[in-house]
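Participant: What follows is protein-v4.csv, CSV, C-alpha atoms.
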chain,number,residue,atom,x,y,z
A,1,MET,CA,-61.6,-22.9,-30.0
A,2,LEU,CA,-60.3,-26.5,-30.2
A,3,SER,CA,-58.1,-25.6,-33.2
A,4,ILE,CA,-56.5,-22.7,-31.2
A,5,ILE,CA,-55.9,-25.0,-28.2
A,6,GLN,CA,-54.3,-27.6,-30.5
A,7,SER,CA,-52.1,-25.0,-32.3
A,8,GLN,CA,-50.9,-23.6,-28.9
A,9,VAL,CA,-49.9,-27.1,-27.7
A,10,GLN,CA,-48.2,-27.8,-31.0
A,11,ALA,CA,-46.3,-24.6,-30.9
A,12,SER,CA,-45.1,-25.4,-27.4
A,13,ILE,CA,-44.0,-28.8,-28.4
A,14,GLN,CA,-42.1,-27.4,-31.4
A,15,VAL,CA,-40.0,-25.1,-29.1
A,16,LYS,CA,-39.3,-28.0,-26.7
A,17,GLN,CA,-38.3,-30.2,-29.6
A,18,ALA,CA,-35.9,-27.4,-30.8
A,19,LEU,CA,-34.4,-27.3,-27.3
A,20,LEU,CA,-34.0,-31.1,-27.2
A,21,SER,CA,-32.3,-31.1,-30.6
A,22,SER,CA,-29.7,-28.5,-29.7
A,23,ASP,CA,-26.5,-30.0,-28.1
A,24,ILE,CA,-25.3,-26.5,-27.3
A,25,LEU,CA,-28.5,-25.7,-25.3
A,26,LEU,CA,-28.5,-29.0,-23.5
A,27,GLN,CA,-24.8,-28.5,-22.6
A,28,GLN,CA,-25.6,-25.0,-21.3
A,29,VAL,CA,-28.3,-26.4,-19.0
A,30,GLU,CA,-25.9,-29.0,-17.7
A,31,SER,CA,-23.2,-26.3,-17.1
A,32,ALA,CA,-25.7,-24.1,-15.3
A,33,ALA,CA,-26.7,-27.0,-13.0
A,34,ARG,CA,-23.0,-27.7,-12.3
A,35,MET,CA,-22.4,-24.0,-11.5
A,36,ILE,CA,-25.2,-24.1,-9.0
A,37,ILE,CA,-24.1,-27.4,-7.5
A,38,THR,CA,-20.6,-26.0,-7.0
A,39,ALA,CA,-22.1,-22.9,-5.3
A,40,TYR,CA,-24.1,-25.0,-2.9
A,41,GLN,CA,-21.3,-27.3,-2.2
A,42,ASN,CA,-19.2,-24.2,-1.2
A,43,GLY,CA,-21.9,-22.9,1.1
A,44,ARG,CA,-23.2,-20.2,-1.3
A,45,LYS,CA,-26.7,-19.4,-2.4
A,46,THR,CA,-28.8,-18.6,-5.5
A,47,LEU,CA,-30.5,-15.3,-6.2
A,48,LEU,CA,-33.2,-15.1,-8.9
A,49,ALA,CA,-35.1,-12.2,-10.5
A,50,GLY,CA,-37.3,-11.4,-13.4
A,51,ASN,CA,-40.3,-9.1,-14.2
A,52,GLY,CA,-44.0,-10.1,-14.6
A,53,GLY,CA,-44.2,-13.8,-15.5
A,54,SER,CA,-40.5,-14.1,-15.1
A,55,ALA,CA,-40.8,-12.8,-11.5
A,56,ALA,CA,-43.2,-15.7,-10.9
A,57,ASP,CA,-40.7,-18.1,-12.4
A,58,ALA,CA,-38.0,-16.7,-10.2
A,59,GLN,CA,-40.2,-17.2,-7.1
A,60,HIS,CA,-41.2,-20.7,-8.3
A,61,ILE,CA,-37.6,-22.0,-8.7
A,62,SER,CA,-36.4,-20.4,-5.5
A,63,GLY,CA,-39.3,-22.2,-3.7
A,64,GLU,CA,-38.2,-25.5,-5.2
A,65,PHE,CA,-34.7,-25.0,-3.9
A,66,VAL,CA,-35.7,-23.9,-0.4
A,67,SER,CA,-38.5,-26.4,0.1
A,68,ARG,CA,-38.0,-29.5,-2.0
A,69,PHE,CA,-38.3,-30.7,-5.6
A,70,ASN,CA,-38.7,-34.5,-5.8
A,71,PHE,CA,-38.0,-35.7,-2.3
A,72,ASP,CA,-37.4,-34.7,1.3
A,73,ARG,CA,-34.0,-33.3,1.9
A,74,PRO,CA,-32.3,-30.4,3.7
A,75,ALA,CA,-33.2,-26.9,2.6
A,76,ILE,CA,-30.8,-25.0,0.3
A,77,PRO,CA,-30.6,-21.2,0.3
A,78,SER,CA,-32.2,-19.3,-2.5
A,79,ILE,CA,-33.8,-15.8,-2.6
A,80,ALA,CA,-36.3,-14.6,-5.2
A,81,LEU,CA,-35.6,-10.8,-5.5
A,82,SER,CA,-39.1,-10.1,-6.8
A,83,THR,CA,-41.1,-11.0,-3.7
A,84,ASP,CA,-40.7,-8.4,-0.9
A,85,THR,CA,-43.1,-5.5,-1.5
A,86,SER,CA,-41.5,-3.2,1.0
A,87,ILE,CA,-38.0,-3.7,-0.5
A,88,LEU,CA,-39.4,-3.4,-4.1
A,89,THR,CA,-41.4,-0.3,-3.4
A,90,GLY,CA,-38.6,1.3,-1.3
A,91,ILE,CA,-35.9,0.8,-3.9
A,92,GLY,CA,-38.3,1.8,-6.7
A,93,ASN,CA,-39.2,5.0,-4.9
A,94,ASP,CA,-35.7,5.9,-3.7
A,95,TYR,CA,-33.5,4.7,-6.6
A,96,GLY,CA,-35.8,4.0,-9.5
A,97,TYR,CA,-37.1,0.7,-11.0
A,98,GLU,CA,-33.9,0.1,-12.9
A,99,ARG,CA,-32.0,-0.4,-9.6
A,100,LEU,CA,-34.6,-2.9,-8.2
A,101,PHE,CA,-32.5,-6.0,-8.4
A,102,ALA,CA,-29.0,-4.4,-8.4
A,103,ARG,CA,-29.6,-2.9,-5.0
A,104,GLN,CA,-30.6,-6.3,-3.6
A,105,ILE,CA,-27.6,-8.0,-5.0
A,106,GLU,CA,-25.5,-5.3,-3.3
A,107,ALA,CA,-27.2,-6.4,-0.1
A,108,HIS,CA,-27.2,-10.1,-0.5
A,109,GLY,CA,-24.8,-11.1,-3.2
A,110,ASN,CA,-21.4,-12.6,-2.3
A,111,GLU,CA,-18.6,-13.9,-4.3
A,112,GLY,CA,-19.4,-17.5,-5.4
A,113,ASP,CA,-23.2,-17.0,-5.3
A,114,VAL,CA,-25.2,-17.6,-8.4
A,115,PHE,CA,-27.7,-15.1,-9.9
A,116,ILE,CA,-30.3,-16.5,-12.3
A,117,ALA,CA,-31.5,-13.6,-14.4
A,118,ILE,CA,-34.8,-14.2,-16.3
A,119,SER,CA,-35.9,-12.0,-19.2
A,120,THR,CA,-37.6,-13.2,-22.3
A,121,SER,CA,-36.2,-10.2,-24.3
A,122,GLY,CA,-32.8,-10.2,-22.6
A,123,ASN,CA,-33.1,-6.5,-22.4
A,124,SER,CA,-34.9,-5.7,-19.1
A,125,PRO,CA,-33.0,-2.7,-17.7
A,126,ASN,CA,-33.2,-3.8,-14.1
A,127,ILE,CA,-31.9,-7.2,-15.0
A,128,LEU,CA,-29.0,-5.7,-16.9
A,129,LYS,CA,-28.1,-3.4,-14.0
A,130,ALA,CA,-28.2,-6.5,-11.7
A,131,LEU,CA,-25.8,-8.4,-14.0
A,132,GLU,CA,-23.4,-5.5,-13.9
A,133,ILE,CA,-23.3,-5.6,-10.1
A,134,CYS,CA,-22.8,-9.4,-10.3
A,135,LYS,CA,-19.6,-8.9,-12.3
A,136,ALA,CA,-18.3,-6.3,-9.8
A,137,ARG,CA,-19.0,-8.6,-6.8
A,138,GLY,CA,-17.9,-11.9,-8.2
A,139,VAL,CA,-21.4,-13.3,-8.3
A,140,LYS,CA,-21.7,-15.9,-11.1
A,141,SER,CA,-24.7,-15.4,-13.5
A,142,ILE,CA,-27.0,-17.6,-15.5
A,143,GLY,CA,-29.4,-15.9,-18.0
A,144,TRP,CA,-32.6,-17.4,-19.3
A,145,THR,CA,-33.7,-15.5,-22.4
A,146,GLY,CA,-35.4,-15.9,-25.7
A,147,GLU,CA,-33.6,-16.7,-29.0
A,148,SER,CA,-31.8,-13.4,-29.4
A,149,GLY,CA,-30.3,-13.3,-25.9
A,150,GLY,CA,-30.6,-9.5,-26.0
A,151,LYS,CA,-28.0,-7.4,-24.1
A,152,MET,CA,-27.9,-10.1,-21.4
A,153,ALA,CA,-26.0,-12.5,-23.6
A,154,ASP,CA,-22.8,-10.6,-23.2
A,155,LEU,CA,-23.2,-10.0,-19.4
A,156,CYS,CA,-24.0,-13.6,-18.3
A,157,ASP,CA,-21.5,-16.3,-17.5
A,158,ILE,CA,-24.0,-18.7,-19.1
A,159,CYS,CA,-26.9,-17.5,-21.3
A,160,ILE,CA,-29.5,-20.1,-22.1
A,161,LYS,CA,-31.4,-18.8,-25.2
A,162,VAL,CA,-34.7,-20.6,-25.7
A,163,PRO,CA,-35.2,-21.0,-29.5
A,164,SER,CA,-38.3,-18.8,-29.8
A,165,GLY,CA,-39.3,-15.2,-30.0
A,166,VAL,CA,-42.8,-15.7,-28.6
A,167,THR,CA,-43.0,-14.7,-24.9
A,168,PRO,CA,-45.4,-17.5,-23.7
A,169,ARG,CA,-43.3,-20.2,-25.5
A,170,ILE,CA,-40.1,-18.8,-24.0
A,171,GLN,CA,-41.6,-18.8,-20.5
A,172,GLU,CA,-42.9,-22.3,-20.8
A,173,SER,CA,-39.4,-23.5,-21.6
A,174,HIS,CA,-37.9,-21.4,-18.8
A,175,ILE,CA,-39.9,-23.3,-16.3
A,176,LEU,CA,-38.9,-26.6,-17.9
A,177,ILE,CA,-35.3,-25.6,-17.7
A,178,GLY,CA,-35.7,-24.5,-14.1
A,179,HIS,CA,-37.3,-27.9,-13.2
A,180,ILE,CA,-34.5,-29.8,-14.9
A,181,ILE,CA,-31.8,-27.8,-13.0
A,182,CYS,CA,-33.7,-28.3,-9.7
A,183,ASN,CA,-33.8,-32.1,-10.4
A,184,LEU,CA,-30.0,-32.2,-11.2
A,185,VAL,CA,-29.0,-30.1,-8.2
A,186,GLU,CA,-31.2,-32.1,-5.8
A,187,ASP,CA,-30.0,-35.4,-7.1
A,188,GLU,CA,-26.3,-34.4,-7.0
A,189,LEU,CA,-26.5,-32.9,-3.5
A,190,PHE,CA,-28.9,-35.3,-1.8
A,191,GLY,CA,-29.5,-38.3,-4.1
A,192,HIS,CA,-28.2,-40.5,-1.2
A,193,LEU,CA,-31.3,-39.5,0.8
A,194,LYS,CA,-33.8,-40.3,-2.0
A,195,ASN,CA,-34.9,-43.7,-0.7
A,196,LYS,CA,-34.6,-43.1,3.0
Starting from the coordinates I provided, produce the structure as structure tokens.
Facilitator:
Amino acid sequence: MLSIIQSQVQASIQVKQALLSSDILLQQVESAARMIITAYQNGRKTLLAGNGGSAADAQHISGEFVSRFNFDRPAIPSIALSTDTSILTGIGNDYGYERLFARQIEAHGNEGDVFIAISTSGNSPNILKALEICKARGVKSIGWTGESGGKMADLCDICIKVPSGVTPRIQESHILIGHIICNLVEDELFGHLKNK
């Protein structure tokens, strides 16, 4: 068992090292943070969605925005579209699972908002439908995917492709990227409150 544990940790480190070594990926993370900062400065919000583990990541990052990340500061608006069981089951039943997030963006998405779309494959049909609605409504979009980017790559304003094809390794890097973005956003908007 110890050898399996060691190999899993090493595999995770290798993906993080590949991320760290890519100027393009690091610049995309910075651009994503800047996009979100601009949205918040303009009184807009973030919307996040994913399926399975990516749904949990969406909820996690949304919670960091609304509550806090590193220090006490005012709440900032963020909605995880994977959390309300009545909405999810209602849309799933009435419109089908592929419309799960698109319908919610129709309800909550406004021009200048930012949608963070999370899919390790980049091909989740309900995420793709949501991205189509974003384009129609003027909602900016940031994709978090695996190395191929899938169909999402052409639909997102920024598509951050983690350099791996292994789902757990991709998800581990997604949460790292999310934490980095939360840190950058919080510091930019509220850094003056950090030591108060």
Participant: Taking into account only C-alpha atoms, which residue in the set A:Lys129, A:Arg137, A:Arg34, A:Lys45 is nearest to Val66 in chain A?
Facilitator: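 Result for the nearest residue to Val66 in chain A: A:Lys45.
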Participant: Can you tell me which residues surround Phe115 in chain A at a distance of at most 7 Å, considering all atoms listed in the file, apart from same-chain residues fewer than 6 positions away, and format the answer as a list in words?
Facilitator: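 Once the nearby chain positions are removed, what remains is Thr46, Leu47, Leu48, Val139, Lys140, Ser141 and Ile142 of chain A.
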Participant: Identify, on the basis of all atoms listed in the file, every residue whose closest approach to range 182-184 of chain A does not exceed 8 Å; exclude the query and any residue fewer than 5 positions from it along the same chain; express the result as number ranges by chain.
Facilitator: A: 33, 61, 64-65, 69-70
Participant: Go through A:Val166, A:Ile79, A:Ile133, A:Val185 and flag the residue nearest His60 in chain A, using only C-alpha atoms for the distances.
Facilitator: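 The shortest atom-to-atom distance to His60 in chain A comes from A:Ile79.
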Participant: Hey, what's within 12 Å of range 84-95 of chain A if we count all atoms listed in the file and toss same-chain stuff fewer than 4 positions away? As a list in words, please?
Facilitator: Ala49, Asn51, Ala55, Gln59, Ile79, Ala80, Arg99, Leu100, Phe101, Ala102, Arg103, Gln104, Ala107 and Asn126 of chain A
Participant: Please identify every residue of range 152-176 of chain A that has at least one atom no farther than 10 Å from an atom of range 3-18 of chain A, counting only C-alpha atoms, and for each give the shortest atom pair and the distance in Å to one decimal, arranged by chain then increasing number, as CSV.
Facilitator:
residue,atom,partner,partner_atom,distance
A:Val162,CA,A:Val15,CA,7.7
A:Pro163,CA,A:Val15,CA,6.3
A:Ser164,CA,A:Val15,CA,6.6
A:Gly165,CA,A:Val15,CA,10.0
A:Val166,CA,A:Val15,CA,9.8
A:Pro168,CA,A:Ser12,CA,8.7
A:Arg169,CA,A:Ser12,CA,5.8
A:Ile170,CA,A:Val15,CA,8.1
A:Glu172,CA,A:Ser12,CA,7.6
A:Ser173,CA,A:Lys16,CA,6.8
A:Leu176,CA,A:Lys16,CA,8.9
Participant: My list of candidates is A:Lys161, A:Val114, A:His108, A:Glu132. Which is closest to Thr38 in chain A when distances are computed with only C-alpha atoms?
Facilitator: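 For Thr38 in chain A, the nearest of the given residues is A:Val114.
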Participant: Which residue out of A:Gly50, A:Gly63, A:Gly43, A:Gly143 has the minimum interatomic distance to Asp157 in chain A when all atoms listed in the file are used?
Facilitator: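 Nearest to Asp157 in chain A: A:Gly143.
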Participant: Just the number, please: distance in Å from CA of Asn42 in chain A to CA of Gly191 in chain A, one decimal.
Facilitator: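 Interatomic distance here is 17.7 Å.
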Participant: Can you tell me, as JSON, numbers by chain, what residues are no more than 7 Å from Met152 in chain A when counting only C-alpha atoms, ignoring any on the same chain fewer than 2 positions away?
Facilitator: {"A": [122, 123, 128, 143, 149, 150, 154, 155, 156]}
Participant: What's the separation between CA of Ala153 in chain A and CA of Glu111 in chain A, in Å to one decimal place?
Facilitator: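 Between these atoms lies a distance of 20.7 Å.
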Participant: Rank nothing, just name the residue among A:Glu106, A:Tyr40, A:Gly53, A:Tyr97 nearest to Pro77 in chain A, using only C-alpha atoms.
Facilitator: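 Closest to Pro77 in chain A of all the choices is A:Tyr40.
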Participant: Pick out the closest residue to Gly109 in chain A from this set: A:Gly138, A:Gly96, A:Gly146, A:Pro125. Count only C-alpha atoms.
Facilitator: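 Result for the nearest residue to Gly109 in chain A: A:Gly138.
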Participant: Can you work out the spacing between CA of Ala32 in chain A and CA of Trp144 in chain A in Å, to one decimal?
Facilitator: 10.4 Å
